[in-house]
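Dropping my_file19.cif in here (mmCIF, C-alpha atoms):
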data_my_file
loop_
_atom_site.label_atom_id
_atom_site.label_comp_id
_atom_site.auth_asym_id
_atom_site.auth_seq_id
_atom_site.Cartn_x
_atom_site.Cartn_y
_atom_site.Cartn_z
CA MET V 9 120.07 72.09 128.41
CA ILE V 10 118.98 73.91 125.27
CA ASP V 11 116.82 76.95 124.65
CA PHE V 12 115.83 78.51 121.33
CA GLU V 13 114.35 81.93 120.72
CA THR V 14 112.30 81.86 117.52
CA SER V 15 110.34 84.06 115.15
CA GLY V 16 107.13 82.19 115.96
CA MET V 17 105.64 79.03 117.41
CA SER V 18 105.89 76.50 114.60
CA PRO V 19 108.58 75.55 112.06
CA ASP V 20 105.79 73.91 110.04
CA GLN V 21 104.42 77.42 109.43
CA GLY V 22 107.77 78.82 108.35
CA ASP V 23 108.98 80.08 111.72
CA ARG V 24 112.75 80.00 112.27
CA VAL V 25 115.23 80.15 115.12
CA THR V 26 116.78 83.51 116.06
CA GLU V 27 118.98 82.57 119.03
CA VAL V 28 120.22 79.44 120.79
CA ALA V 29 121.91 78.59 124.06
CA ALA V 30 123.12 75.07 124.87
CA LEU V 31 124.63 74.41 128.30
CA ARG V 32 126.45 71.16 129.08
CA ILE V 33 125.79 69.89 132.62
CA VAL V 34 128.28 67.47 134.18
CA GLY V 35 128.53 66.44 137.82
CA GLY V 36 125.97 68.94 139.02
CA GLU V 37 127.32 72.04 137.29
CA VAL V 38 127.41 73.77 133.92
CA VAL V 39 130.84 73.07 132.44
CA ASP V 40 130.53 74.34 128.86
CA ARG V 41 128.18 76.35 126.69
CA TYR V 42 127.38 77.32 123.11
CA VAL V 43 125.46 80.60 122.63
CA SER V 44 124.72 82.50 119.43
CA LEU V 45 122.22 84.71 117.66
CA ILE V 46 121.19 83.18 114.32
CA ASN V 47 120.44 84.78 110.96
CA CYS V 48 117.83 82.73 109.15
CA ASN V 49 116.85 85.57 106.79
CA VAL V 50 113.56 85.92 108.59
CA ARG V 51 111.56 89.02 109.53
CA ILE V 52 111.48 89.79 113.26
CA SER V 53 108.05 91.06 114.27
CA SER V 54 107.58 93.90 116.73
CA PHE V 55 105.92 91.42 119.11
CA ILE V 56 109.03 89.21 119.17
CA THR V 57 111.26 92.25 119.71
CA GLN V 58 109.08 93.40 122.63
CA LEU V 59 109.05 89.89 124.11
CA THR V 60 112.73 88.98 123.70
CA GLY V 61 114.60 92.20 123.02
CA ILE V 62 115.98 90.66 119.81
CA THR V 63 115.83 93.16 116.97
CA GLN V 64 116.00 92.82 113.21
CA ALA V 65 119.41 94.50 113.21
CA MET V 66 120.78 92.02 115.76
CA VAL V 67 119.68 89.05 113.67
CA ASN V 68 120.92 90.60 110.42
CA ARG V 69 124.42 90.89 111.90
CA ALA V 70 124.39 87.34 113.32
CA PRO V 71 126.08 84.28 111.77
CA SER V 72 123.84 82.29 109.43
CA SER V 73 122.01 79.09 110.33
CA THR V 74 124.31 77.21 107.95
CA GLU V 75 127.15 78.10 110.31
CA VAL V 76 125.42 77.89 113.68
CA ILE V 77 123.37 74.69 113.33
CA PRO V 78 126.31 72.39 112.41
CA GLU V 79 128.32 73.86 115.31
CA LEU V 80 125.36 73.35 117.63
CA LEU V 81 124.91 69.73 116.57
CA GLU V 82 128.60 69.08 117.11
CA PHE V 83 128.37 70.68 120.56
CA ILE V 84 125.36 68.54 121.55
CA GLY V 85 126.91 65.35 120.20
CA LYS V 86 125.32 62.26 121.74
CA ASP V 87 124.47 63.83 125.09
CA THR V 88 120.97 63.65 126.52
CA LEU V 89 119.07 66.79 125.54
CA ALA V 90 116.96 68.74 128.03
CA ALA V 91 114.74 71.79 127.65
CA HIS V 92 111.84 73.53 129.36
CA ASN V 93 108.90 72.41 127.20
CA ALA V 94 111.32 70.16 125.37
CA SER V 95 109.08 69.18 122.45
CA PHE V 96 109.11 72.83 121.28
CA ASP V 97 112.89 73.13 121.22
CA GLU V 98 113.46 69.66 119.79
CA LYS V 99 110.97 70.39 117.02
CA PHE V 100 112.93 73.48 115.95
CA LEU V 101 116.26 71.66 116.28
CA GLN V 102 115.03 68.88 114.01
CA ALA V 103 113.54 71.31 111.48
CA GLU V 104 116.67 73.47 111.23
CA SER V 105 118.89 70.37 110.99
CA ALA V 106 116.72 68.85 108.27
CA ARG V 107 117.02 72.03 106.19
CA LEU V 108 120.76 71.31 106.00
CA GLY V 109 120.38 67.59 105.43
CA MET V 110 121.56 66.87 108.98
CA ARG V 111 120.05 65.36 112.11
CA SER V 112 120.75 65.58 115.81
CA GLN V 113 122.37 62.56 117.46
CA HIS V 114 121.21 63.41 121.00
CA ASP V 115 120.51 60.47 123.29
CA GLY V 116 116.96 60.98 124.50
CA LEU V 117 115.02 63.98 125.77
CA ILE V 118 114.20 65.41 129.20
CA CYS V 119 111.40 67.95 129.56
CA SER V 120 111.88 70.04 132.70
CA VAL V 121 108.21 71.13 132.60
CA LYS V 122 107.02 67.51 132.84
CA LEU V 123 109.74 66.77 135.38
CA ALA V 124 108.65 69.64 137.65
CA ARG V 125 105.00 68.61 137.39
CA ARG V 126 105.89 65.13 138.59
CA VAL V 127 108.43 66.00 141.28
CA TYR V 128 106.68 69.16 142.57
CA PRO V 129 102.97 68.47 142.00
CA GLY V 130 100.32 71.01 142.89
CA LEU V 131 102.19 74.23 142.08
CA SER V 132 100.19 77.11 140.62
CA SER V 133 102.37 77.47 137.50
CA TYR V 134 105.05 75.50 135.68
CA SER V 135 106.06 78.28 133.31
CA LEU V 136 109.78 78.89 133.68
CA GLY V 137 109.58 82.31 135.38
CA PRO V 138 106.93 81.58 138.02
CA LEU V 139 108.32 78.09 138.65
CA ALA V 140 111.84 79.45 139.18
CA ALA V 141 110.50 82.09 141.57
CA THR V 142 108.65 79.43 143.57
CA LEU V 143 111.84 77.39 143.93
CA GLY V 144 114.00 80.41 144.74
CA ILE V 145 115.91 80.38 141.44
CA ARG V 146 116.80 83.82 140.06
CA PHE V 147 117.37 84.96 136.50
CA LYS V 148 120.89 86.26 135.85
CA GLY V 149 119.85 87.95 132.61
CA ASN V 150 116.71 88.93 130.72
CA ALA V 151 113.92 86.38 130.51
CA HIS V 152 113.08 85.24 126.96
CA ARG V 153 116.73 85.41 125.94
CA ALA V 154 118.20 82.01 125.19
CA GLU V 155 121.16 82.02 127.58
CA ALA V 156 119.23 83.43 130.54
CA ASP V 157 116.39 80.93 130.05
CA ALA V 158 118.83 78.03 129.62
CA GLU V 159 120.68 79.09 132.79
CA VAL V 160 117.47 79.06 134.82
CA ALA V 161 116.27 75.80 133.28
CA SER V 162 119.66 74.24 134.11
CA ALA V 163 119.35 75.44 137.71
CA LEU V 164 115.85 73.94 137.80
CA LEU V 165 117.15 70.59 136.55
CA LEU V 166 119.90 70.60 139.18
CA HIS V 167 117.36 71.60 141.84
CA VAL V 168 115.26 68.55 140.92
CA GLY V 169 118.34 66.31 141.01
CA ALA V 170 119.37 67.59 144.44
CA HIS V 171 115.83 67.16 145.74
CA LEU V 172 115.67 63.55 144.53
CA GLY V 173 119.10 62.80 145.95
CA GLU V 174 118.30 64.20 149.39
CA ARG V 175 114.78 62.86 149.65
CA TYR V 176 115.39 59.37 148.33
CA GLY V 177 119.01 58.84 149.38
CA MET V 178 120.41 58.56 145.86
CA ARG V 179 124.16 59.00 145.43
CA SER V 180 123.69 60.38 141.93
CA VAL V 181 120.85 61.08 139.54
CA ALA V 182 121.41 59.90 135.98
CA PRO V 183 119.65 61.36 132.90
CA SER V 184 117.93 58.00 132.42
CA LEU V 185 116.12 58.45 135.74
CA LEU V 186 114.83 61.88 134.73
CA GLN V 187 113.67 60.45 131.39
CA GLN V 188 111.85 57.66 133.22
CA ILE V 189 110.13 60.14 135.56
CA ASN V 190 109.03 62.08 132.47
CA ALA V 191 107.44 58.91 131.10
CA LEU V 192 105.42 58.16 134.25
CA THR V 193 102.15 59.73 135.34
CA ALA V 194 102.50 62.03 138.34
CA ALA V 195 100.57 59.59 140.56
CA LYS V 196 103.08 56.80 139.94
CA VAL V 197 106.25 58.81 140.56
CA PRO V 198 106.37 58.73 144.41
CA ALA V 199 105.98 54.95 144.60
CA TYR V 200 108.48 54.47 141.78
CA LEU V 201 111.10 56.63 143.49
CA ALA V 202 110.45 55.00 146.87
CA LYS V 203 111.04 51.61 145.27
CA LEU V 204 114.29 52.81 143.72
CA SER V 205 115.55 54.29 146.97
CA ALA V 206 114.92 51.01 148.76
CA ALA V 207 117.42 49.27 146.48
CA PRO V 208 120.96 48.81 147.90
CA ALA V 209 123.27 51.79 147.24
CA ALA V 210 120.74 53.61 145.08
CA VAL V 211 122.49 55.28 142.17
CA ALA V 212 119.30 56.05 140.27
CA VAL V 213 120.23 54.94 136.81
CA ALA V 214 116.64 53.90 136.98
CA LYS V 215 115.24 51.31 134.70
CA PRO V 216 111.73 50.26 135.73
CA VAL V 217 111.26 46.79 137.20
CA PRO V 218 108.99 44.81 134.83
CA ALA V 219 105.67 43.90 136.42
CA ALA V 220 106.21 40.23 135.61
CA LYS V 221 109.18 40.14 137.99
CA THR V 222 107.23 41.51 140.95
CA SER V 223 106.48 38.77 143.45
CA LYS V 224 102.90 38.04 144.51
CA LYS V 225 103.94 38.61 148.10
CA ALA V 226 105.23 42.09 147.31
CA ALA V 227 102.18 42.90 145.20
CA SER V 228 99.86 41.98 148.07
CA ARG V 229 101.43 44.44 150.49
CA PRO V 230 99.33 47.56 151.07
CA GLN V 231 100.84 50.83 149.83
CA LEU V 232 101.31 53.05 152.88
CA TYR V 233 101.68 56.82 152.92
CA ARG V 234 102.80 59.12 155.71
CA HIS V 235 100.93 62.41 156.03
CA TYR V 236 103.23 65.40 156.50
CA LYS V 237 101.81 65.80 160.03
CA GLY V 238 102.77 62.22 160.89
CA GLY V 239 99.76 59.97 160.34
CA ILE V 240 100.12 56.67 158.42
CA TYR V 241 97.48 55.79 155.83
CA GLU V 242 96.85 52.86 153.49
CA LEU V 243 96.14 53.55 149.84
CA VAL V 244 92.91 51.78 148.88
CA CYS V 245 92.54 52.74 145.22
CA GLU V 246 92.22 55.53 142.69
CA ALA V 247 88.70 56.43 141.62
CA THR V 248 86.59 59.01 139.81
CA GLN V 249 84.03 61.14 141.61
CA GLU V 250 80.72 60.70 139.83
CA SER V 251 79.48 64.26 140.39
CA ASP V 252 82.20 66.00 138.41
CA LEU V 253 84.50 63.19 137.16
CA THR V 254 87.32 64.46 139.38
CA PRO V 255 90.12 61.89 139.95
CA VAL V 256 90.36 61.05 143.64
CA ILE V 257 92.53 58.95 145.94
CA VAL V 258 90.76 56.64 148.36
CA TYR V 259 92.76 55.92 151.52
CA ARG V 260 92.22 54.32 154.92
CA SER V 261 93.39 55.47 158.35
CA HIS V 262 94.66 53.19 161.15
CA ASN V 263 91.19 53.00 162.72
CA GLY V 264 89.56 51.75 159.51
CA SER V 265 88.00 55.07 158.47
CA VAL V 266 88.02 55.56 154.69
CA TRP V 267 88.74 58.99 153.23
CA THR V 268 89.02 60.53 149.78
CA ARG V 269 90.99 63.48 148.44
CA PRO V 270 91.29 64.95 144.95
CA LYS V 271 94.28 63.31 143.33
CA ASP V 272 96.11 66.59 142.72
CA VAL V 273 95.64 67.55 146.38
CA PHE V 274 96.79 64.14 147.66
CA PHE V 275 100.12 64.51 145.83
CA GLU V 276 100.59 68.27 146.18
CA MET V 277 103.50 70.01 147.92
CA VAL V 278 102.77 72.04 151.07
CA GLU V 279 105.00 74.57 152.80
CA VAL V 280 105.81 73.82 156.44
CA ASN V 281 108.07 76.27 158.30
CA GLY V 282 109.54 77.45 155.01
CA VAL V 283 110.20 73.90 153.72
CA MET V 284 108.27 72.32 150.84
CA LEU V 285 106.98 68.86 151.73
CA GLN V 286 104.76 66.42 149.88
CA ARG V 287 101.37 66.15 151.58
CA PHE V 288 101.50 62.32 151.52
CA THR V 289 104.85 60.54 151.18
CA PRO V 290 105.02 56.83 150.19
CA LEU V 291 106.62 54.47 152.72
#
Would you mind writing the file out in structure tokens?
Amino acid sequence: MIDFETSGMSPDQGDRVTEVAALRIVGGEVVDRYVSLINCNVRISSFITQLTGITQAMVNRAPSSTEVIPELLEFIGKDTLAAHNASFDEKFLQAESARLGMRSQHDGLICSVKLARRVYPGLSSYSLGPLAATLGIRFKGNAHRAEADAEVASALLLHVGAHLGERYGMRSVAPSLLQQINALTAAKVPAYLAKLSAAPAAVAVAKPVPAAKTSKKAASRPQLYRHYKGGIYELVCEATQESDLTPVIVYRSHNGSVWTRPKDVFFEMVEVNGVMLQRFTPL
């Protein structure tokens, strides 16, 4: 799990990194870390200082990017890289590496924002602070500092892994599964995970089953969902409401009645007696 603090939003506009934290996660816990302020000879604006608490003096005293970036790349090695809003951090990692004629060797990317959207649909915010608060994860340090943000993002990733393991009976959750969930649309994730969990001794290394290998008999079976209050419903189709182009789910009850719900509501999480449950769970 990596987190950069930066002087701005885009390396293409000359913005540079000012701090980094990289936390190695193995077996459900953080086992190693690399944390450093970074001197890129860049001016720290008052806005960045107010947001992060990182001052010009702190950066001026820090080791240079020519020292930190090679050490960071060595620390990452060929591990899978994760970050909250991962494209932002990967973009800065690639830009800083390229300045030194180097490149990261990380094996794939996991975005914990996309992951949370797919595993916990329907939440009001997926920004790191509000999302952590919703899931009961607390900051150990100041938000918008690299190590504190990386700690919380790591806890979020482990929270997702534990949730998948408990809900779908998986003995372990591999990075490849989280990457695959990232690649799916939110609507496809529940059925995909249900299919994985039905496999013998689910380990969740998770490579998707090609459509060509799906039998006609299996394809003809109706997709059933259990409502959190207990009712069983058959998924009819996905559609678009003509009045406002809202995506909706069309489903049928046991007595033949056909209903529709907005897609984001159909897949949202609801709180029941202090426990977060998915409104409709695939069977």
For the contact check between segment 72-105 of chain V and segment 151-160 of chain V, emit one row per residue of segment 72-105 of chain V within 12 Å, containing the shortest atom pair and the distance in Å rounded to one decimal, counting only C-alpha atoms, chain then rising number order, as JSON lines.
{"residue": "V:Leu89", "atom": "CA", "partner": "V:Ala158", "partner_atom": "CA", "distance": 12.0}
{"residue": "V:Ala90", "atom": "CA", "partner": "V:Ala158", "partner_atom": "CA", "distance": 9.6}
{"residue": "V:Ala91", "atom": "CA", "partner": "V:Ala158", "partner_atom": "CA", "distance": 7.7}
{"residue": "V:His92", "atom": "CA", "partner": "V:Ala158", "partner_atom": "CA", "distance": 8.3}
{"residue": "V:Asn93", "atom": "CA", "partner": "V:Ala158", "partner_atom": "CA", "distance": 11.7}
{"residue": "V:Ala94", "atom": "CA", "partner": "V:Ala158", "partner_atom": "CA", "distance": 11.7}
{"residue": "V:Asp97", "atom": "CA", "partner": "V:Ala154", "partner_atom": "CA", "distance": 11.1}
| query | So how many Å separate atom CA of Val256 of chain V and atom CA of Thr268 of chain V, to one decimal? | reply | 6.3 Å
| task | Go ahead and compute the interatomic distance for atom CA of Leu166 of chain V and atom CA of Gly282 of chain V, in Å to one decimal. | result | 20.1 Å
| task | Evaluate the PyMOL selection byres ((chain V and resi 77) around 12) and record the selected residues as a VMD selection string, following the chain and residue labels used in the document. | result | chain V and resid 12 24 to 30 42 to 48 71 to 76 78 to 84 100 to 112
Can you spit out the residues from that selection as a PDB file, in the frame of the given file, using C-alpha atoms?
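again22.pdb written:
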ATOM      1  CA  PHE V  12     115.830  78.510 121.330  1.00  0.00           C
ATOM      2  CA  ARG V  24     112.750  80.000 112.270  1.00  0.00           C
ATOM      3  CA  VAL V  25     115.230  80.150 115.120  1.00  0.00           C
ATOM      4  CA  THR V  26     116.780  83.510 116.060  1.00  0.00           C
ATOM      5  CA  GLU V  27     118.980  82.570 119.030  1.00  0.00           C
ATOM      6  CA  VAL V  28     120.220  79.440 120.790  1.00  0.00           C
ATOM      7  CA  ALA V  29     121.910  78.590 124.060  1.00  0.00           C
ATOM      8  CA  ALA V  30     123.120  75.070 124.870  1.00  0.00           C
ATOM      9  CA  TYR V  42     127.380  77.320 123.110  1.00  0.00           C
ATOM     10  CA  VAL V  43     125.460  80.600 122.630  1.00  0.00           C
ATOM     11  CA  SER V  44     124.720  82.500 119.430  1.00  0.00           C
ATOM     12  CA  LEU V  45     122.220  84.710 117.660  1.00  0.00           C
ATOM     13  CA  ILE V  46     121.190  83.180 114.320  1.00  0.00           C
ATOM     14  CA  ASN V  47     120.440  84.780 110.960  1.00  0.00           C
ATOM     15  CA  CYS V  48     117.830  82.730 109.150  1.00  0.00           C
ATOM     16  CA  PRO V  71     126.080  84.280 111.770  1.00  0.00           C
ATOM     17  CA  SER V  72     123.840  82.290 109.430  1.00  0.00           C
ATOM     18  CA  SER V  73     122.010  79.090 110.330  1.00  0.00           C
ATOM     19  CA  THR V  74     124.310  77.210 107.950  1.00  0.00           C
ATOM     20  CA  GLU V  75     127.150  78.100 110.310  1.00  0.00           C
ATOM     21  CA  VAL V  76     125.420  77.890 113.680  1.00  0.00           C
ATOM     22  CA  PRO V  78     126.310  72.390 112.410  1.00  0.00           C
ATOM     23  CA  GLU V  79     128.320  73.860 115.310  1.00  0.00           C
ATOM     24  CA  LEU V  80     125.360  73.350 117.630  1.00  0.00           C
ATOM     25  CA  LEU V  81     124.910  69.730 116.570  1.00  0.00           C
ATOM     26  CA  GLU V  82     128.600  69.080 117.110  1.00  0.00           C
ATOM     27  CA  PHE V  83     128.370  70.680 120.560  1.00  0.00           C
ATOM     28  CA  ILE V  84     125.360  68.540 121.550  1.00  0.00           C
ATOM     29  CA  PHE V 100     112.930  73.480 115.950  1.00  0.00           C
ATOM     30  CA  LEU V 101     116.260  71.660 116.280  1.00  0.00           C
ATOM     31  CA  GLN V 102     115.030  68.880 114.010  1.00  0.00           C
ATOM     32  CA  ALA V 103     113.540  71.310 111.480  1.00  0.00           C
ATOM     33  CA  GLU V 104     116.670  73.470 111.230  1.00  0.00           C
ATOM     34  CA  SER V 105     118.890  70.370 110.990  1.00  0.00           C
ATOM     35  CA  ALA V 106     116.720  68.850 108.270  1.00  0.00           C
ATOM     36  CA  ARG V 107     117.020  72.030 106.190  1.00  0.00           C
ATOM     37  CA  LEU V 108     120.760  71.310 106.000  1.00  0.00           C
ATOM     38  CA  GLY V 109     120.380  67.590 105.430  1.00  0.00           C
ATOM     39  CA  MET V 110     121.560  66.870 108.980  1.00  0.00           C
ATOM     40  CA  ARG V 111     120.050  65.360 112.110  1.00  0.00           C
ATOM     41  CA  SER V 112     120.750  65.580 115.810  1.00  0.00           C
TER      42      SER V 112
END
| request: Could you please determine the separation between atom CA of Glu13 of chain V and atom CA of Ala70 of chain V in Å, to one decimal place? | output: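 Between atom CA of Glu13 of chain V and atom CA of Ala70 of chain V the gap works out to 13.6 Å.
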Quick one: which residues end up in the PyMOL selection byres ((chain V and resi 243) around 7) for this structure, as a short mmCIF file (atom, residue, chain, number, x, y, z; two decimals) with C-alpha atoms, in the frame of the given file?
data_model
loop_
_atom_site.label_atom_id
_atom_site.label_comp_id
_atom_site.auth_asym_id
_atom_site.auth_seq_id
_atom_site.Cartn_x
_atom_site.Cartn_y
_atom_site.Cartn_z
CA PRO V 230 99.33 47.56 151.07
CA GLN V 231 100.84 50.83 149.83
CA LEU V 232 101.31 53.05 152.88
CA TYR V 241 97.48 55.79 155.83
CA GLU V 242 96.85 52.86 153.49
CA VAL V 244 92.91 51.78 148.88
CA CYS V 245 92.54 52.74 145.22
CA VAL V 258 90.76 56.64 148.36
CA TYR V 259 92.76 55.92 151.52
CA ARG V 260 92.22 54.32 154.92
#
| field | Selection under test: the PyMOL selection byres ((chain V and resi 180-182) around 12); residues as a PyMOL selection string | value | chain V and resi 33-36+87-88+118+165-179+183-189+201+204-205+209-215
| field | Selected residue of minimal separation from Ser54 of chain V among V:Asp115, V:Glu37, V:Phe275, V:Ser15, counting all atoms listed in the file | value | V:Ser15
Ile240 of chain V surroundings by only C-alpha atoms, 12 Å radius, close-in-sequence under 5 positions cut, as a PDB file with C-alpha atoms, keeping the file's coordinate frame:
ATOM      1  CA  PRO V 230      99.330  47.560 151.070  1.00  0.00           C
ATOM      2  CA  GLN V 231     100.840  50.830 149.830  1.00  0.00           C
ATOM      3  CA  LEU V 232     101.310  53.050 152.880  1.00  0.00           C
ATOM      4  CA  TYR V 233     101.680  56.820 152.920  1.00  0.00           C
ATOM      5  CA  ARG V 234     102.800  59.120 155.710  1.00  0.00           C
ATOM      6  CA  HIS V 235     100.930  62.410 156.030  1.00  0.00           C
ATOM      7  CA  TYR V 259      92.760  55.920 151.520  1.00  0.00           C
ATOM      8  CA  ARG V 260      92.220  54.320 154.920  1.00  0.00           C
ATOM      9  CA  SER V 261      93.390  55.470 158.350  1.00  0.00           C
ATOM     10  CA  HIS V 262      94.660  53.190 161.150  1.00  0.00           C
ATOM     11  CA  ASN V 263      91.190  53.000 162.720  1.00  0.00           C
ATOM     12  CA  GLY V 264      89.560  51.750 159.510  1.00  0.00           C
ATOM     13  CA  ARG V 287     101.370  66.150 151.580  1.00  0.00           C
ATOM     14  CA  PHE V 288     101.500  62.320 151.520  1.00  0.00           C
ATOM     15  CA  THR V 289     104.850  60.540 151.180  1.00  0.00           C
ATOM     16  CA  PRO V 290     105.020  56.830 150.190  1.00  0.00           C
ATOM     17  CA  LEU V 291     106.620  54.470 152.720  1.00  0.00           C
TER      18      LEU V 291
END
| query | Of the candidates V:Leu143, V:Ala199, V:Val266, V:Leu192, which shows the shortest atom-to-atom distance to Glu279 of chain V, using all atoms listed in the file? | reply |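 For Glu279 of chain V, the nearest of the candidates is V:Leu143.
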| query | Pick the closest to Thr63 of chain V from V:Pro198, V:Thr14, V:Lys148, V:Val39: which is it, counting only C-alpha atoms? | reply | V:Thr14
| remark: Counting all atoms listed in the file, the residue among V:Val67, V:Ala141, V:Arg51, V:Gln286 that lies closest to Gly238 of chain V is V:Gln286
| task | Give the answer as one residue: which of V:Leu164, V:Met9, V:Val121, V:Val273 has the shortest atom-to-atom distance to Arg41 of chain V, using all atoms listed in the file? | result |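 Of all the options, V:Met9 lies closest to Arg41 of chain V.
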| task | Could you tell me which of V:Val38, V:Cys119, V:Leu31, V:Val127 comes closest to Val197 of chain V if we count only C-alpha atoms? | result |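 With only C-alpha atoms as the atom set, the closest residue is V:Val127.
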